[in-house]
Every structure is written in C-alpha cells, then in structure tokens.
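Below is my_file-v2.tsv, which holds TSV, C-alpha atoms.
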chain	number	residue	atom	x	y	z
A	1	MET	CA	-126.73	65.83	-9.53
A	2	ILE	CA	-127.92	68.44	-7.06
A	3	VAL	CA	-125.82	69.48	-4.07
A	4	LYS	CA	-127.67	71.37	-1.34
A	5	ILE	CA	-125.56	73.29	1.16
A	6	THR	CA	-127.07	74.45	4.44
A	7	ASP	CA	-126.45	78.00	5.65
A	8	ALA	CA	-124.17	76.70	8.43
A	9	ALA	CA	-122.06	74.75	5.92
A	10	MET	CA	-121.90	77.67	3.47
A	11	ASN	CA	-120.77	80.08	6.19
A	12	LYS	CA	-118.02	77.68	7.28
A	13	LEU	CA	-116.92	77.04	3.67
A	14	LYS	CA	-116.67	80.77	2.98
A	15	GLU	CA	-114.65	81.23	6.17
A	16	MET	CA	-112.30	78.37	5.27
A	17	THR	CA	-111.72	79.44	1.67
A	18	ARG	CA	-110.84	82.98	2.75
A	19	LYS	CA	-108.13	81.63	5.08
A	20	ASP	CA	-106.70	78.83	2.96
A	21	ALA	CA	-105.54	78.58	-0.64
A	22	GLN	CA	-106.70	74.99	-0.89
A	23	ILE	CA	-110.02	73.96	-2.43
A	24	PRO	CA	-112.87	72.14	-0.63
A	25	ARG	CA	-113.28	68.62	-2.03
A	26	ILE	CA	-115.96	65.99	-1.49
A	27	ASP	CA	-114.09	62.76	-0.91
A	28	ALA	CA	-115.30	59.15	-0.68
A	29	ASP	CA	-113.75	56.63	1.68
A	30	ILE	CA	-114.61	53.12	0.49
A	31	ALA	CA	-114.41	50.10	2.78
A	32	GLY	CA	-115.25	46.62	1.69
A	33	GLY	CA	-115.11	43.03	2.49
A	34	CYS	CA	-118.29	41.13	2.10
A	35	GLY	CA	-120.09	44.35	1.09
A	36	VAL	CA	-119.28	47.94	0.30
A	37	SER	CA	-119.61	50.93	2.55
A	38	VAL	CA	-118.92	54.49	1.48
A	39	LYS	CA	-118.40	57.41	3.84
A	40	PHE	CA	-118.25	60.91	2.40
A	41	SER	CA	-116.23	63.75	3.85
A	42	LEU	CA	-115.33	67.29	2.93
A	43	VAL	CA	-111.59	68.00	2.94
A	44	LEU	CA	-109.32	70.83	1.83
A	45	ASP	CA	-107.06	69.69	-0.99
A	46	GLU	CA	-105.19	70.77	-4.09
A	47	PRO	CA	-107.13	70.95	-7.36
A	48	ARG	CA	-106.76	67.86	-9.54
A	49	ARG	CA	-106.99	67.49	-13.27
A	50	ASN	CA	-110.39	66.23	-14.46
A	51	ASP	CA	-112.22	67.29	-11.28
A	52	ALA	CA	-115.91	68.04	-11.55
A	53	ILE	CA	-116.53	71.54	-10.21
A	54	ILE	CA	-119.66	72.68	-8.42
A	55	GLU	CA	-119.89	76.41	-7.79
A	56	TYR	CA	-122.38	77.85	-5.33
A	57	GLU	CA	-122.45	81.44	-4.04
A	58	GLY	CA	-118.85	81.99	-5.12
A	59	VAL	CA	-117.52	78.84	-3.41
A	60	GLN	CA	-116.14	76.02	-5.54
A	61	LEU	CA	-116.44	72.40	-4.46
A	62	ARG	CA	-114.53	69.76	-6.36
A	63	LEU	CA	-114.94	66.04	-6.67
A	64	ASP	CA	-113.38	63.37	-8.77
A	65	HIS	CA	-115.37	61.09	-11.04
A	66	PHE	CA	-114.85	58.13	-8.69
A	67	THR	CA	-116.56	59.97	-5.81
A	68	LYS	CA	-119.25	61.42	-8.06
A	69	ARG	CA	-120.62	58.02	-9.03
A	70	TYR	CA	-121.32	57.15	-5.39
A	71	LEU	CA	-123.18	60.35	-4.54
A	72	ASP	CA	-126.96	60.38	-4.59
A	73	GLU	CA	-128.79	62.45	-7.20
A	74	GLU	CA	-129.44	64.95	-4.40
A	75	THR	CA	-126.76	65.34	-1.74
A	76	GLN	CA	-126.84	67.69	1.22
A	77	ILE	CA	-123.83	69.18	2.98
A	78	ASP	CA	-124.30	70.41	6.53
A	79	TYR	CA	-121.94	71.67	9.23
A	80	LEU	CA	-122.18	71.06	12.97
A	81	GLU	CA	-119.64	72.53	15.40
A	82	ASP	CA	-119.18	69.23	17.24
A	83	ARG	CA	-119.05	66.96	14.14
A	84	GLY	CA	-117.72	69.15	11.34
A	85	PHE	CA	-119.00	68.74	7.79
A	86	ILE	CA	-121.61	66.07	7.15
A	87	VAL	CA	-121.89	65.04	3.51
A	88	GLY	CA	-124.92	63.07	2.35
A	89	GLU	CA	-125.80	59.73	3.75
A	90	SER	CA	-123.45	56.82	4.03
A	91	PHE	CA	-123.90	54.25	1.29
A	92	ALA	CA	-123.84	50.59	2.22
A	93	ALA	CA	-124.42	47.56	0.04
A	94	SER	CA	-123.85	43.99	0.99
A	95	ALA	CA	-123.48	40.94	-1.15
A	96	CYS	CA	-123.49	38.72	1.94
A	97	ALA	CA	-126.57	36.84	3.00
A	98	ILE	CA	-127.16	35.25	6.34
A	99	GLU	CA	-129.95	32.73	6.57
A	100	VAL	CA	-131.65	32.60	9.93
A	101	ASN	CA	-133.75	29.56	10.74
Go through the file and emit its structure as structure tokens.
Amino acid sequence: MIVKITDAAMNKLKEMTRKDAQIPRIDADIAGGCGVSVKFSLVLDEPRRNDAIIEYEGVQLRLDHFTKRYLDEETQIDYLEDRGFIVGESFAASACAIEVN
C-alpha cells in the first residue's frame, strides 16, 4: 500500500502533531444497507495496539487492520482549508439491482 501526502496535508499534519500529543489516524466510517459505502477521514486519536504505522517525513500515521483492507493500493491524503483532510476516494459497492424496463 502506498500513501501519498500532498504538501498542504503534510504541512497541516506537522502543525497538528507539534501542538497535540495524539496521533493522526486514518479511520473508515462504514455505512450499509443494501450496499456498502466507506468514507475515510483523518482524526487525532490515541495509539492502539496492533495499529499499522506509516511514517513519512517524521510524521506517523496509524490505521487499524479493518480500515487498511478498505484502502486502495494507492491512497492520497490532501488538505483544503474549507474541507479539512481528504483521504482517498469513497468506496461504494452495492448488492442491489434495479431492473428498468
């Protein structure tokens, strides 16, 4: 798995980790019903046992194995002032089928 971090995201991560003792974590929010949708976010959290650790330019990102299996082989993290951190693309899969005649 490759995680690419834009300059804007890296600058914000470095700023956040200097101010806070908590660790940045990639987190997956799963919603389901007829299908599955996964939204990724970057949150500050306590380290957890069995986390996967990605280190880049002195900043550690953590993720659990549950989240890791939903990430693409190549995931990008960006930061926009008005939206915050943007992690990868949302994943959506549907087992529902609608037949249109």
(message) I'd like the interatomic distance between atom CA of Leu63 of chain A and atom CA of Ala28 of chain A, to a tenth of an Å.
(response)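 These atoms are spaced 9.1 Å apart.
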(message) Using Å and a single decimal, report how far atom CA of Tyr79 of chain A sits from atom CA of Asp20 of chain A.
(response)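 Interatomic distance here is 18.0 Å.
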(request) Tell me, in Å to one decimal, how far atom CA of Ala31 of chain A is from atom CA of Ile86 of chain A. (result)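 Spanning atom CA of Ala31 of chain A to atom CA of Ile86 of chain A is a straight-line distance of 18.1 Å.
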Name the residues in contact with Asp45 of chain A at a cut-off of 9 Å, using all atoms listed in the file, excluding same-chain residues fewer than 3 positions from it; report them as a compact mmCIF listing (two decimals) with C-alpha atoms, in the coordinates of the input.
# COMPACT_ATOMS: atom_id res chain seq x y z
CA GLN A 22 -106.70 74.99 -0.89
CA ILE A 23 -110.02 73.96 -2.43
CA PRO A 24 -112.87 72.14 -0.63
CA ARG A 25 -113.28 68.62 -2.03
CA ARG A 48 -106.76 67.86 -9.54
(request) Anything within 7 Å of (-123.4, 64.5, 3.2): list those residues as JSON, numbers by chain, counting all atoms listed in the file and sticking to the file's coordinates. (result) {"A": [40, 75, 76, 77, 78, 86, 87, 88, 89]}
Could you add all heavy atoms to segment 6-17 of chain A and give me the result as an mmCIF file, in the frame of the given file?
data_model
loop_
_atom_site.group_PDB
_atom_site.id
_atom_site.type_symbol
_atom_site.label_atom_id
_atom_site.label_comp_id
_atom_site.auth_asym_id
_atom_site.auth_seq_id
_atom_site.Cartn_x
_atom_site.Cartn_y
_atom_site.Cartn_z
ATOM 1 N N THR A 6 -126.346 73.692 3.416
ATOM 2 C CA THR A 6 -127.070 74.450 4.440
ATOM 3 C C THR A 6 -126.346 75.771 4.695
ATOM 4 O O THR A 6 -125.165 75.935 4.338
ATOM 5 C CB THR A 6 -127.159 73.658 5.758
ATOM 6 O OG1 THR A 6 -125.843 73.483 6.290
ATOM 7 C CG2 THR A 6 -127.849 72.309 5.563
ATOM 8 N N ASP A 7 -127.057 76.699 5.323
ATOM 9 C CA ASP A 7 -126.450 78.000 5.650
ATOM 10 C C ASP A 7 -125.226 77.830 6.543
ATOM 11 O O ASP A 7 -124.210 78.501 6.340
ATOM 12 C CB ASP A 7 -127.476 78.905 6.337
ATOM 13 C CG ASP A 7 -128.567 79.375 5.386
ATOM 14 O OD1 ASP A 7 -128.357 79.345 4.155
ATOM 15 O OD2 ASP A 7 -129.640 79.792 5.883
ATOM 16 N N ALA A 8 -125.308 76.928 7.524
ATOM 17 C CA ALA A 8 -124.170 76.700 8.430
ATOM 18 C C ALA A 8 -122.955 76.213 7.657
ATOM 19 O O ALA A 8 -121.825 76.670 7.882
ATOM 20 C CB ALA A 8 -124.561 75.701 9.519
ATOM 21 N N ALA A 9 -123.162 75.278 6.724
ATOM 22 C CA ALA A 9 -122.060 74.750 5.920
ATOM 23 C C ALA A 9 -121.497 75.824 4.991
ATOM 24 O O ALA A 9 -120.280 75.945 4.837
ATOM 25 C CB ALA A 9 -122.511 73.533 5.125
ATOM 26 N N MET A 10 -122.358 76.614 4.383
ATOM 27 C CA MET A 10 -121.900 77.670 3.470
ATOM 28 C C MET A 10 -121.073 78.704 4.219
ATOM 29 O O MET A 10 -120.016 79.131 3.746
ATOM 30 C CB MET A 10 -123.085 78.322 2.767
ATOM 31 C CG MET A 10 -122.673 79.402 1.780
ATOM 32 S SD MET A 10 -121.455 78.894 0.532
ATOM 33 C CE MET A 10 -122.416 77.789 -0.439
ATOM 34 N N ASN A 11 -121.531 79.103 5.397
ATOM 35 C CA ASN A 11 -120.770 80.080 6.190
ATOM 36 C C ASN A 11 -119.391 79.543 6.539
ATOM 37 O O ASN A 11 -118.397 80.261 6.446
ATOM 38 C CB ASN A 11 -121.542 80.448 7.459
ATOM 39 C CG ASN A 11 -122.795 81.249 7.160
ATOM 40 O OD1 ASN A 11 -122.913 81.888 6.115
ATOM 41 N ND2 ASN A 11 -123.750 81.207 8.066
ATOM 42 N N LYS A 12 -119.308 78.278 6.931
ATOM 43 C CA LYS A 12 -118.020 77.680 7.280
ATOM 44 C C LYS A 12 -117.125 77.536 6.041
ATOM 45 O O LYS A 12 -115.924 77.800 6.102
ATOM 46 C CB LYS A 12 -118.236 76.314 7.938
ATOM 47 C CG LYS A 12 -116.989 75.737 8.535
ATOM 48 C CD LYS A 12 -116.491 76.588 9.689
ATOM 49 C CE LYS A 12 -115.322 75.949 10.390
ATOM 50 N NZ LYS A 12 -114.831 76.777 11.494
ATOM 51 N N LEU A 13 -117.703 77.146 4.903
ATOM 52 C CA LEU A 13 -116.920 77.040 3.670
ATOM 53 C C LEU A 13 -116.351 78.385 3.259
ATOM 54 O O LEU A 13 -115.181 78.479 2.873
ATOM 55 C CB LEU A 13 -117.787 76.481 2.534
ATOM 56 C CG LEU A 13 -118.017 74.979 2.534
ATOM 57 C CD1 LEU A 13 -119.094 74.612 1.526
ATOM 58 C CD2 LEU A 13 -116.720 74.247 2.225
ATOM 59 N N LYS A 14 -117.158 79.429 3.338
ATOM 60 C CA LYS A 14 -116.670 80.770 2.980
ATOM 61 C C LYS A 14 -115.547 81.196 3.910
ATOM 62 O O LYS A 14 -114.554 81.768 3.479
ATOM 63 C CB LYS A 14 -117.823 81.768 3.014
ATOM 64 C CG LYS A 14 -118.768 81.628 1.845
ATOM 65 C CD LYS A 14 -119.899 82.628 1.924
ATOM 66 C CE LYS A 14 -120.828 82.497 0.730
ATOM 67 N NZ LYS A 14 -121.969 83.427 0.815
ATOM 68 N N GLU A 15 -115.689 80.901 5.197
ATOM 69 C CA GLU A 15 -114.650 81.230 6.170
ATOM 70 C C GLU A 15 -113.363 80.480 5.869
ATOM 71 O O GLU A 15 -112.268 81.055 5.892
ATOM 72 C CB GLU A 15 -115.161 80.863 7.572
ATOM 73 C CG GLU A 15 -114.173 81.086 8.681
ATOM 74 C CD GLU A 15 -114.717 80.573 10.013
ATOM 75 O OE1 GLU A 15 -115.925 80.738 10.281
ATOM 76 O OE2 GLU A 15 -113.923 79.979 10.761
ATOM 77 N N MET A 16 -113.475 79.197 5.556
ATOM 78 C CA MET A 16 -112.300 78.370 5.270
ATOM 79 C C MET A 16 -111.598 78.796 3.986
ATOM 80 O O MET A 16 -110.375 78.826 3.941
ATOM 81 C CB MET A 16 -112.709 76.901 5.147
ATOM 82 C CG MET A 16 -113.119 76.274 6.455
ATOM 83 S SD MET A 16 -113.880 74.651 6.229
ATOM 84 C CE MET A 16 -112.581 73.740 5.437
ATOM 85 N N THR A 17 -112.355 79.105 2.947
ATOM 86 C CA THR A 17 -111.720 79.440 1.670
ATOM 87 C C THR A 17 -111.060 80.814 1.710
ATOM 88 O O THR A 17 -110.138 81.061 0.943
ATOM 89 C CB THR A 17 -112.725 79.357 0.496
ATOM 90 O OG1 THR A 17 -113.853 80.176 0.779
ATOM 91 C CG2 THR A 17 -113.171 77.922 0.278
#
